[in-house]
>>> print(open('protein12.csv').read())   # CSV, C-alpha atoms
chain,number,residue,atom,x,y,z
A,1024,MET,CA,65.9,-102.3,0.0
A,1025,HIS,CA,64.0,-99.2,0.9
A,1026,ARG,CA,62.9,-100.8,4.2
A,1027,GLN,CA,66.4,-101.9,5.0
A,1028,THR,CA,67.6,-98.3,4.4
A,1029,LEU,CA,64.9,-97.0,6.7
A,1030,ARG,CA,65.9,-99.5,9.4
A,1031,SER,CA,69.5,-98.5,9.1
A,1032,LEU,CA,68.7,-94.8,9.3
A,1033,SER,CA,66.4,-95.5,12.3
A,1034,ALA,CA,69.2,-97.4,14.1
A,1035,PHE,CA,71.6,-94.5,13.3
A,1036,PHE,CA,69.4,-91.9,14.7
A,1037,ILE,CA,68.7,-93.9,17.8
A,1038,PHE,CA,72.4,-94.3,18.3
A,1039,ALA,CA,73.0,-90.6,17.6
A,1040,GLY,CA,70.3,-89.8,20.1
A,1041,LEU,CA,72.0,-91.8,22.8
A,1042,LEU,CA,75.2,-89.9,22.2
A,1043,LEU,CA,73.3,-86.7,22.8
A,1044,LEU,CA,71.8,-87.8,26.1
A,1045,PRO,CA,73.3,-86.2,29.3
A,1046,GLY,CA,76.6,-87.8,30.2
A,1047,CYS,CA,77.1,-89.5,26.8
A,1048,ASP,CA,79.7,-87.2,25.5
A,1049,PHE,CA,82.8,-85.4,26.7
A,1050,VAL,CA,86.0,-84.2,25.1
A,1051,VAL,CA,89.5,-84.1,26.7
A,1052,GLN,CA,91.2,-80.8,26.2
A,1053,PRO,CA,94.7,-79.5,27.4
A,1054,LEU,CA,94.8,-76.7,30.0
A,1055,GLY,CA,97.7,-74.3,30.1
A,1056,GLY,CA,99.4,-75.4,26.9
A,1057,ALA,CA,99.1,-77.5,23.7
A,1058,GLU,CA,99.0,-81.3,23.6
A,1059,GLY,CA,102.3,-82.7,24.8
A,1060,ARG,CA,103.3,-79.4,26.5
A,1061,THR,CA,100.9,-79.5,29.4
A,1062,LEU,CA,100.4,-81.8,32.3
A,1063,VAL,CA,96.8,-80.9,32.9
A,1064,TYR,CA,93.6,-81.8,31.0
A,1065,VAL,CA,89.9,-81.1,31.5
A,1066,ALA,CA,87.4,-83.8,30.5
A,1067,GLN,CA,84.8,-81.3,29.3
A,1068,GLY,CA,81.2,-82.6,29.5
A,1069,LYS,CA,79.0,-81.4,26.7
A,1070,GLY,CA,75.6,-79.8,27.2
A,1071,GLY,CA,76.1,-79.3,30.9
A,1072,ALA,CA,77.3,-82.9,31.6
A,1073,PRO,CA,79.8,-83.2,34.4
A,1074,ASN,CA,83.4,-82.2,34.0
A,1075,GLY,CA,86.4,-84.3,35.1
A,1076,GLY,CA,90.2,-83.9,34.9
A,1077,ILE,CA,93.5,-85.7,34.2
A,1078,VAL,CA,96.9,-84.6,35.6
A,1079,CYS,CA,100.1,-86.4,34.4
A,1080,THR,CA,103.2,-87.0,36.4
A,1081,ARG,CA,106.2,-89.2,36.0
A,1082,VAL,CA,105.1,-91.5,38.8
A,1083,GLY,CA,101.5,-91.8,37.8
A,1084,ALA,CA,98.4,-90.0,36.5
A,1085,VAL,CA,95.7,-88.5,38.6
A,1086,VAL,CA,92.0,-88.6,37.5
A,1087,ILE,CA,89.5,-86.2,39.0
A,1088,ASP,CA,85.8,-87.0,39.2
A,1089,PRO,CA,85.2,-89.9,36.7
A,1090,MET,CA,81.7,-89.1,35.7
A,1091,LEU,CA,78.3,-90.8,35.5
A,1092,SER,CA,78.9,-94.4,34.5
A,1093,PRO,CA,81.5,-97.2,34.1
A,1094,THR,CA,81.2,-96.7,30.4
A,1095,LEU,CA,82.4,-93.2,30.7
A,1096,GLY,CA,84.9,-94.2,33.3
A,1097,ASP,CA,86.4,-96.7,30.8
A,1098,LEU,CA,86.7,-93.9,28.2
A,1099,LEU,CA,88.3,-91.5,30.7
A,1100,ASN,CA,90.7,-94.2,31.8
A,1101,THR,CA,91.7,-94.8,28.2
A,1102,GLN,CA,92.2,-91.1,27.7
A,1103,ALA,CA,94.3,-90.8,31.0
A,1104,GLN,CA,96.6,-93.6,29.9
A,1105,ALA,CA,97.0,-92.0,26.4
A,1106,LYS,CA,97.8,-88.6,27.9
A,1107,SER,CA,100.2,-90.2,30.3
A,1108,LYS,CA,102.0,-91.8,27.4
A,1109,VAL,CA,102.2,-88.5,25.6
A,1110,PHE,CA,103.8,-86.9,28.7
A,1111,TRP,CA,106.1,-89.9,29.2
A,1112,ASP,CA,107.4,-89.9,25.6
A,1113,ASN,CA,107.9,-86.1,25.6
A,1114,PHE,CA,109.6,-86.3,29.0
A,1115,HIS,CA,112.2,-88.7,27.7
A,1116,ALA,CA,112.5,-87.0,24.4
A,1117,SER,CA,113.5,-83.8,26.2
A,1118,ARG,CA,116.3,-85.8,27.8
A,1119,LYS,CA,117.3,-87.3,24.4
A,1120,GLU,CA,116.6,-90.9,25.6
A,1121,LYS,CA,114.2,-93.7,24.9
A,1122,PRO,CA,111.6,-94.6,27.5
A,1123,ARG,CA,112.8,-97.6,29.4
A,1124,THR,CA,109.3,-98.5,30.8
A,1125,GLN,CA,105.7,-98.1,29.8
A,1126,ALA,CA,104.0,-94.8,30.7
A,1127,PRO,CA,102.9,-94.6,34.4
A,1128,PRO,CA,99.3,-95.8,35.0
A,1129,VAL,CA,96.5,-94.0,36.9
A,1130,LEU,CA,97.7,-93.8,40.5
A,1131,TYR,CA,94.9,-91.9,42.2
A,1132,VAL,CA,91.3,-91.0,41.6
A,1133,PHE,CA,90.0,-87.9,43.4
A,1134,ASN,CA,86.3,-87.5,44.2
A,1135,THR,CA,85.3,-83.9,45.0
A,1136,THR,CA,81.8,-85.0,46.0
A,1137,TYR,CA,79.8,-88.2,46.8
A,1138,ARG,CA,77.3,-87.6,43.9
A,1139,GLY,CA,77.1,-90.3,41.3
A,1140,SER,CA,77.3,-87.8,38.5
A,1141,HIS,CA,81.0,-87.2,39.5
A,1142,THR,CA,81.9,-90.7,40.9
A,1143,PHE,CA,80.1,-93.5,39.0
A,1144,GLY,CA,83.1,-94.0,36.8
A,1145,ASN,CA,85.3,-94.9,39.8
A,1146,GLN,CA,85.1,-98.7,39.2
A,1147,SER,CA,87.0,-98.3,35.9
A,1148,PHE,CA,90.1,-97.5,37.9
A,1149,ASP,CA,90.5,-100.8,39.9
A,1150,LYS,CA,94.3,-100.4,40.3
A,1151,ALA,CA,94.1,-96.8,41.6
A,1152,ASP,CA,93.4,-95.5,45.1
A,1153,VAL,CA,90.2,-93.5,45.3
A,1154,ILE,CA,90.3,-90.5,47.6
A,1155,SER,CA,87.4,-88.6,49.0
A,1156,THR,CA,86.3,-87.2,52.4
A,1157,SER,CA,84.9,-89.6,55.0
A,1158,LYS,CA,81.5,-88.0,54.7
A,1159,ALA,CA,81.5,-88.4,50.9
A,1160,LYS,CA,82.5,-92.0,51.2
A,1161,GLU,CA,79.7,-92.7,53.7
A,1162,ARG,CA,77.1,-90.9,51.7
A,1163,MET,CA,78.1,-92.7,48.5
A,1164,GLU,CA,77.8,-96.1,50.1
A,1165,ALA,CA,74.5,-95.2,51.7
A,1166,ASP,CA,72.9,-93.7,48.6
A,1167,GLY,CA,74.6,-95.4,45.7
A,1168,ALA,CA,71.7,-97.5,44.6
A,1169,ALA,CA,69.2,-94.6,44.8
A,1170,MET,CA,71.6,-92.3,42.8
A,1171,ARG,CA,72.0,-95.0,40.2
A,1172,ALA,CA,68.2,-95.3,39.8
A,1173,GLU,CA,67.8,-91.5,39.5
A,1174,LEU,CA,70.6,-91.2,36.9
A,1175,ARG,CA,69.1,-94.2,34.9
A,1176,ASP,CA,65.4,-93.3,35.2
A,1177,LEU,CA,65.2,-89.6,35.5
A,1178,TRP,CA,68.3,-88.4,33.5
A,1179,LYS,CA,68.3,-91.4,31.1
A,1180,VAL,CA,72.0,-91.9,31.5
A,1181,PRO,CA,73.1,-95.1,29.7
A,1182,GLY,CA,75.9,-97.5,30.6
A,1183,LEU,CA,74.8,-98.1,34.2
A,1184,GLU,CA,73.9,-101.8,33.9
A,1185,GLY,CA,77.1,-103.0,35.4
A,1186,HIS,CA,77.6,-100.3,37.9
A,1187,ALA,CA,78.8,-101.1,41.4
A,1188,THR,CA,79.3,-98.4,44.0
A,1189,THR,CA,83.0,-97.9,44.4
A,1190,SER,CA,83.9,-95.6,47.3
A,1191,ALA,CA,87.1,-94.2,48.6
A,1192,THR,CA,90.0,-96.4,49.8
A,1193,LEU,CA,91.6,-93.4,51.4
A,1194,THR,CA,89.9,-90.4,53.1
A,1195,VAL,CA,90.8,-86.9,54.0
A,1196,ASP,CA,88.8,-84.8,56.5
A,1197,GLU,CA,91.1,-81.9,57.5
A,1198,GLY,CA,93.6,-80.0,55.5
A,1199,ALA,CA,94.9,-81.5,52.3
A,1200,PHE,CA,96.2,-84.7,50.8
A,1201,ASN,CA,99.4,-83.5,49.0
A,1202,LEU,CA,100.9,-85.1,46.0
A,1203,ASP,CA,104.3,-83.4,45.5
A,1204,THR,CA,106.1,-84.7,42.5
A,1205,PRO,CA,109.0,-83.3,40.4
A,1206,ASP,CA,106.4,-82.4,37.7
A,1207,VAL,CA,103.4,-81.0,39.5
A,1208,LYS,CA,102.0,-80.3,43.0
A,1209,ILE,CA,98.5,-81.4,43.6
A,1210,LYS,CA,96.4,-80.7,46.6
A,1211,PHE,CA,93.1,-82.5,47.4
A,1212,VAL,CA,91.6,-80.1,49.9
A,1213,ALA,CA,88.6,-81.0,52.2
A,1214,VAL,CA,86.2,-78.0,52.4
A,1215,GLY,CA,83.4,-79.3,54.6
A,1216,ASP,CA,79.7,-79.3,53.8
A,1217,CYS,CA,78.9,-76.9,51.0
A,1218,VAL,CA,76.7,-78.3,48.2
A,1219,GLY,CA,76.4,-81.6,50.0
A,1220,GLU,CA,78.1,-83.5,52.7
A,1221,GLY,CA,81.9,-83.7,52.6
A,1222,ASP,CA,82.9,-81.6,49.6
A,1223,ALA,CA,86.4,-81.1,48.4
A,1224,VAL,CA,88.4,-79.3,45.7
A,1225,VAL,CA,91.6,-80.1,43.8
A,1226,TYR,CA,94.2,-77.3,43.6
A,1227,LEU,CA,97.3,-77.1,41.4
A,1228,PRO,CA,99.2,-74.1,42.8
A,1229,VAL,CA,101.9,-74.0,40.2
A,1230,GLN,CA,99.5,-74.1,37.3
A,1231,LYS,CA,97.0,-72.0,39.3
A,1232,VAL,CA,94.2,-74.3,38.4
A,1233,LEU,CA,91.2,-75.2,40.6
A,1234,PHE,CA,89.1,-78.3,39.9
A,1235,ALA,CA,86.1,-77.0,41.9
A,1236,GLY,CA,83.6,-79.8,41.5
A,1237,ASP,CA,80.0,-78.6,42.3
A,1238,VAL,CA,81.3,-76.0,44.7
A,1239,VAL,CA,81.5,-73.7,41.6
A,1240,VAL,CA,79.0,-74.1,38.8
A,1241,PRO,CA,78.8,-70.7,37.1
A,1242,LYS,CA,75.7,-70.0,35.0
A,1243,PHE,CA,73.8,-73.0,36.6
A,1244,VAL,CA,71.2,-72.7,39.3
A,1245,PRO,CA,72.4,-75.5,41.6
A,1246,TYR,CA,70.7,-78.9,41.6
A,1247,TYR,CA,68.6,-79.3,44.7
A,1248,LYS,CA,68.4,-83.0,45.4
A,1249,GLY,CA,70.8,-84.5,47.9
A,1250,ARG,CA,71.8,-81.1,49.2
A,1251,SER,CA,72.8,-80.4,52.8
A,1252,LEU,CA,71.6,-77.3,54.7
A,1253,SER,CA,74.9,-75.5,54.4
A,1254,ILE,CA,74.6,-72.6,52.0
A,1255,ARG,CA,76.3,-70.3,54.5
A,1256,ASN,CA,79.2,-72.6,54.8
A,1257,TRP,CA,79.3,-72.8,51.0
A,1258,ILE,CA,79.5,-69.0,50.9
A,1259,GLU,CA,82.4,-68.9,53.5
A,1260,THR,CA,84.2,-71.5,51.5
A,1261,LEU,CA,84.0,-69.5,48.3
A,1262,LYS,CA,85.4,-66.5,50.2
A,1263,LYS,CA,88.4,-68.6,51.2
A,1264,LEU,CA,88.9,-69.9,47.7
A,1265,ASP,CA,88.8,-66.4,46.4
A,1266,THR,CA,92.0,-65.7,48.4
A,1267,TRP,CA,93.9,-68.5,46.7
A,1268,ASP,CA,96.2,-67.8,43.7
A,1269,ILE,CA,94.0,-69.1,40.9
A,1270,GLU,CA,93.7,-68.3,37.2
A,1271,THR,CA,91.6,-71.1,35.8
A,1272,VAL,CA,88.5,-72.8,37.4
A,1273,VAL,CA,87.2,-76.1,36.1
A,1274,PRO,CA,83.6,-76.2,37.5
A,1275,GLY,CA,81.6,-79.2,38.1
A,1276,HIS,CA,79.5,-78.4,35.1
A,1277,GLY,CA,79.8,-75.9,32.3
A,1278,ASP,CA,82.7,-74.2,30.6
A,1279,VAL,CA,86.2,-73.8,32.0
A,1280,ALA,CA,86.2,-70.3,33.6
A,1281,LYS,CA,88.5,-67.7,35.0
A,1282,LYS,CA,88.8,-67.0,38.8
A,1283,ASP,CA,85.9,-64.6,38.6
A,1284,ALA,CA,83.5,-67.6,38.5
A,1285,ILE,CA,84.2,-68.0,42.2
A,1286,ARG,CA,82.9,-64.5,42.9
A,1287,GLN,CA,79.9,-65.0,40.6
A,1288,GLN,CA,78.9,-68.2,42.5
A,1289,ARG,CA,79.2,-66.5,45.9
A,1290,GLU,CA,77.2,-63.5,44.8
A,1291,PHE,CA,74.4,-65.7,43.5
A,1292,LEU,CA,74.2,-67.5,46.8
A,1293,GLU,CA,74.4,-64.3,48.9
A,1294,ALA,CA,71.6,-62.8,46.8
A,1295,LEU,CA,69.5,-65.9,47.4
A,1296,VAL,CA,70.1,-65.8,51.2
A,1297,THR,CA,69.2,-62.1,51.3
A,1298,GLU,CA,65.9,-62.6,49.5
A,1299,VAL,CA,64.9,-65.6,51.6
A,1300,ARG,CA,65.8,-63.8,54.8
A,1301,GLU,CA,63.4,-61.0,53.7
A,1302,GLN,CA,60.6,-63.5,53.1
A,1303,ILE,CA,61.1,-65.0,56.6
A,1304,LYS,CA,61.0,-61.6,58.2
A,1305,ALA,CA,57.7,-60.9,56.3
A,1306,GLY,CA,56.2,-64.1,57.9
A,1307,LYS,CA,56.0,-66.0,54.6
A,1308,THR,CA,55.9,-69.8,54.5
A,1309,ALA,CA,58.5,-71.8,52.5
A,1310,GLU,CA,56.1,-72.3,49.6
A,1311,GLN,CA,55.2,-68.6,49.6
A,1312,ALA,CA,58.8,-67.7,49.6
A,1313,ALA,CA,59.6,-70.1,46.7
A,1314,ALA,CA,56.9,-68.4,44.7
A,1315,ALA,CA,57.9,-64.9,45.6
A,1316,VAL,CA,61.7,-64.9,45.3
A,1317,LYS,CA,63.0,-63.9,41.9
A,1318,LEU,CA,66.6,-63.1,41.0
A,1319,PRO,CA,66.3,-61.4,37.6
A,1320,LYS,CA,70.1,-60.9,37.4
A,1321,TYR,CA,70.4,-64.7,37.1
A,1322,ALA,CA,67.3,-65.3,34.9
A,1323,ASP,CA,69.6,-66.5,32.1
A,1324,TRP,CA,71.3,-69.2,34.2
A,1325,ALA,CA,70.4,-72.8,33.3
A,1326,HIS,CA,67.5,-74.3,35.3
A,1327,TYR,CA,66.5,-70.9,36.7
A,1328,ASN,CA,62.8,-71.5,36.2
A,1329,ASP,CA,62.7,-75.1,37.5
A,1330,TRP,CA,65.3,-75.2,40.3
A,1331,LEU,CA,65.3,-71.7,41.8
A,1332,GLY,CA,62.2,-72.3,43.9
A,1333,GLU,CA,63.7,-75.5,45.3
A,1334,ASN,CA,66.8,-73.7,46.3
A,1335,VAL,CA,64.7,-71.1,48.0
A,1336,LYS,CA,63.1,-73.9,50.1
A,1337,LEU,CA,66.5,-75.2,51.1
A,1338,VAL,CA,67.7,-71.9,52.2
A,1339,TYR,CA,64.4,-71.2,54.1
A,1340,ARG,CA,64.8,-74.5,56.0
A,1341,GLU,CA,68.4,-73.7,56.9
A,1342,LEU,CA,67.7,-70.3,58.2
A,1343,LYS,CA,64.7,-71.5,60.2
A,1344,GLU,CA,66.1,-74.7,61.5
A,1345,LYS,CA,69.7,-73.7,62.2
A,1346,GLY,CA,69.1,-70.0,63.1
A,1347,ASP,CA,70.2,-67.0,61.1
A,1348,GLU,CA,73.7,-66.6,62.3
A,1349,ARG,CA,77.0,-66.8,60.4
A,1350,ALA,CA,78.4,-70.1,59.4
A,1351,SER,CA,80.7,-71.5,62.0
A,1352,ALA,CA,84.0,-73.2,61.5
A,1353,ALA,CA,82.7,-76.3,63.2
A,1354,ASP,CA,80.1,-76.7,60.3
A,1355,GLY,CA,82.9,-77.0,57.8
A,1356,GLY,CA,82.6,-74.1,55.5
A,1357,ALA,CA,84.7,-71.5,57.3
A,1358,SER,CA,87.4,-74.0,58.2
A,1359,VAL,CA,88.8,-74.4,54.7
A,1360,ALA,CA,92.6,-74.8,54.9
A,1361,LYS,CA,94.9,-72.5,53.1
A,1362,PRO,CA,97.0,-74.5,50.7
A,1363,ALA,CA,100.2,-72.6,51.5
A,1364,GLY,CA,99.9,-73.4,55.2
A,1365,ILE,CA,99.3,-77.1,54.9
A,1366,SER,CA,101.9,-79.5,56.0
A,1367,GLN,CA,101.1,-83.1,55.4
A,1368,PRO,CA,103.2,-86.2,54.5
A,1369,ASP,CA,103.7,-86.9,50.9
A,1370,GLY,CA,100.8,-88.9,49.7
A,1371,PHE,CA,102.8,-91.3,47.5
A,1372,LYS,CA,103.3,-94.9,48.6
>>> encode(input="protein12.csv", output="structure tokens")
Amino acid sequence: MHRQTLRSLSAFFIFAGLLLLPGCDFVVQPLGGAEGRTLVYVAQGKGGAPNGGIVCTRVGAVVIDPMLSPTLGDLLNTQAQAKSKVFWDNFHASRKEKPRTQAPPVLYVFNTTYRGSHTFGNQSFDKADVISTSKAKERMEADGAAMRAELRDLWKVPGLEGHATTSATLTVDEGAFNLDTPDVKIKFVAVGDCVGEGDAVVYLPVQKVLFAGDVVVPKFVPYYKGRSLSIRNWIETLKKLDTWDIETVVPGHGDVAKKDAIRQQREFLEALVTEVREQIKAGKTAEQAAAAVKLPKYADWAHYNDWLGENVKLVYRELKEKGDERASAADGGASVAKPAGISQPDGFK
């Protein structure tokens, strides 16, 4: 009996441990109102795990960045359908009528990046169109197997056994893909190469909410693997985003934030570029710069000690290989479209 109890306890703690692994836990929370009184939800990853989102409309739900694995994708799909039903029931109740049909399904999945941490749940939405930029689609298809191996072996993410790379069925490379419904306006905006190739953000102008993906990750030193040499474009993009009418930012990782998170992200990147530039002027090598650059203002940011040096090397390479001039619109970062000025056909079928 004692052994059986120990075995049961052992199995429990193993299971509990799995739940605490990166990517094994998220909670769906309403944004801008209580349950049933909002159209927008954040899928908040715990412990720095990736964030996603759900937006409900009367013609279909939109899911943003299904994270990490088909297992979590399935959970997010279930949550999206449940929130869609809450919206649907309340919509008809407000009109004092009974719903004549089932709640609308998930119609679109938006990917703000190619990274598996934000896209490996795509395959759970087999009846939805997946939307990304062309660059993100190409990079996901090229690196899907390698990203899966890294998530499984380095980050110990469970639930990847049945994963198959599921890339975009529709792509956007300039301006925005607009979903203009009677309930909410949603803009998927291509922002060029920032963190990696072919980044995008999702903007809800009426709710003043920005799903920023990894373009904004406040209180986190950015992850360095899979990055493009485009930090100056990233800075220019953040300057553009700061001109938009935004109150709430859902970052790629970490807590939901106010608009000030955009400025915080930009200032960190600008400080990094300034310090690396000084090291180059002093004739230092990349390794010497990585050892020398310290940003004490950001010493409390997650992964400061283990990832700051790698970020220094990336900036060093960019300044040396691409020259030390301002980012150009042709590189993507400075060409971010203003949502108010975008005129595109309605994205609904």
>>> residues_near_point(input="protein12.csv", point="(91.6, -75.0, 48.7)", cutoff="9 Å", atoms="all atoms listed in the file", output="VMD selection string")
chain A and resid 1198 to 1199 1210 to 1214 1223 to 1226 1233 1235 1260 1263 to 1264 1267 1359 to 1362
>>> residues_near_point(input="protein12.csv", point="(91.9, -89.1, 38.1)", cutoff="10 Å", atoms="all atoms listed in the file", output="number ranges by chain")
A: 1075-1079, 1083-1089, 1096, 1099-1100, 1103, 1129-1134, 1145, 1148, 1151-1154
>>> write_last_selection(input="protein12.csv", atoms="C-alpha atoms", output="compact mmCIF listing (two decimals), in the frame of the given file")
# COMPACT_ATOMS: atom_id res chain seq x y z
CA GLY A 1075 86.40 -84.30 35.10
CA GLY A 1076 90.20 -83.90 34.90
CA ILE A 1077 93.50 -85.70 34.20
CA VAL A 1078 96.90 -84.60 35.60
CA CYS A 1079 100.10 -86.40 34.40
CA GLY A 1083 101.50 -91.80 37.80
CA ALA A 1084 98.40 -90.00 36.50
CA VAL A 1085 95.70 -88.50 38.60
CA VAL A 1086 92.00 -88.60 37.50
CA ILE A 1087 89.50 -86.20 39.00
CA ASP A 1088 85.80 -87.00 39.20
CA PRO A 1089 85.20 -89.90 36.70
CA GLY A 1096 84.90 -94.20 33.30
CA LEU A 1099 88.30 -91.50 30.70
CA ASN A 1100 90.70 -94.20 31.80
CA ALA A 1103 94.30 -90.80 31.00
CA VAL A 1129 96.50 -94.00 36.90
CA LEU A 1130 97.70 -93.80 40.50
CA TYR A 1131 94.90 -91.90 42.20
CA VAL A 1132 91.30 -91.00 41.60
CA PHE A 1133 90.00 -87.90 43.40
CA ASN A 1134 86.30 -87.50 44.20
CA ASN A 1145 85.30 -94.90 39.80
CA PHE A 1148 90.10 -97.50 37.90
CA ALA A 1151 94.10 -96.80 41.60
CA ASP A 1152 93.40 -95.50 45.10
CA VAL A 1153 90.20 -93.50 45.30
CA ILE A 1154 90.30 -90.50 47.60
>>> closest_residue(input="protein12.csv", among="A:Trp1257, A:Pro1245, A:Val1272, A:Asp1166", to="Asn1328 of chain A", atoms="all atoms listed in the file")
A:Pro1245
>>> closest_residue(input="protein12.csv", among="A:Leu1091, A:Val1109, A:Ile1254, A:Ala1191", to="Ala1172 of chain A", atoms="all atoms listed in the file")
A:Leu1091
>>> atom_distance(input="protein12.csv", atom1="atom CA of Tyr1247 of chain A", atom2="atom CA of Ser1147 of chain A")
27.9 Å
>>> atom_distance(input="protein12.csv", atom1="atom CA of Arg1162 of chain A", atom2="atom CA of Ser1251 of chain A")
11.4 Å
>>> residues_around(input="protein12.csv", residues="Leu1337 of chain A", least_positions_apart="2", cutoff="9 Å", atoms="only C-alpha atoms", output="list in words")
Tyr1247, Arg1250, Ser1251, Leu1252, Ile1254, Ala1309, Gly1332, Glu1333, Asn1334, Val1335, Tyr1339, Arg1340, Glu1341 and Leu1342 of chain A
>>> write_last_selection(input="protein12.csv", atoms="C-alpha atoms", output="short mmCIF file (atom, residue, chain, number, x, y, z; two decimals), keeping the file's coordinate frame")
data_model
loop_
_atom_site.label_atom_id
_atom_site.label_comp_id
_atom_site.auth_asym_id
_atom_site.auth_seq_id
_atom_site.Cartn_x
_atom_site.Cartn_y
_atom_site.Cartn_z
CA TYR A 1247 68.60 -79.30 44.70
CA ARG A 1250 71.80 -81.10 49.20
CA SER A 1251 72.80 -80.40 52.80
CA LEU A 1252 71.60 -77.30 54.70
CA ILE A 1254 74.60 -72.60 52.00
CA ALA A 1309 58.50 -71.80 52.50
CA GLY A 1332 62.20 -72.30 43.90
CA GLU A 1333 63.70 -75.50 45.30
CA ASN A 1334 66.80 -73.70 46.30
CA VAL A 1335 64.70 -71.10 48.00
CA TYR A 1339 64.40 -71.20 54.10
CA ARG A 1340 64.80 -74.50 56.00
CA GLU A 1341 68.40 -73.70 56.90
CA LEU A 1342 67.70 -70.30 58.20
#
>>> atom_distance(input="protein12.csv", atom1="atom CA of Phe1234 of chain A", atom2="atom CA of Leu1174 of chain A")
22.8 Å
>>> closest_residue(input="protein12.csv", among="A:Ile1258, A:Lys1317, A:Tyr1064, A:Ser1253", to="Gly1346 of chain A", atoms="only C-alpha atoms")
A:Ser1253
>>> closest_residue(input="protein12.csv", among="A:Lys1231, A:Lys1179, A:His1326, A:Lys1208", to="Val1244 of chain A", atoms="all atoms listed in the file")
A:His1326
>>> axis_aligned_box(input="protein12.csv", around="segment 1085-1100 of chain A", padding_each_side="5 Å", output="AutoDock Vina command-line options")
--center_x 87.0 --center_y -91.7 --center_z 33.7 --size_x 27.4 --size_y 21.0 --size_z 21.0
>>> closest_residue(input="protein12.csv", among="A:Phe1110, A:Trp1330, A:Tyr1321, A:Phe1291", to="Tyr1246 of chain A", atoms="all atoms listed in the file")
A:Trp1330
>>> closest_residue(input="protein12.csv", among="A:Val1063, A:Ala1126, A:Ala1165, A:Ala1105", to="Arg1081 of chain A", atoms="all atoms listed in the file")
A:Ala1126
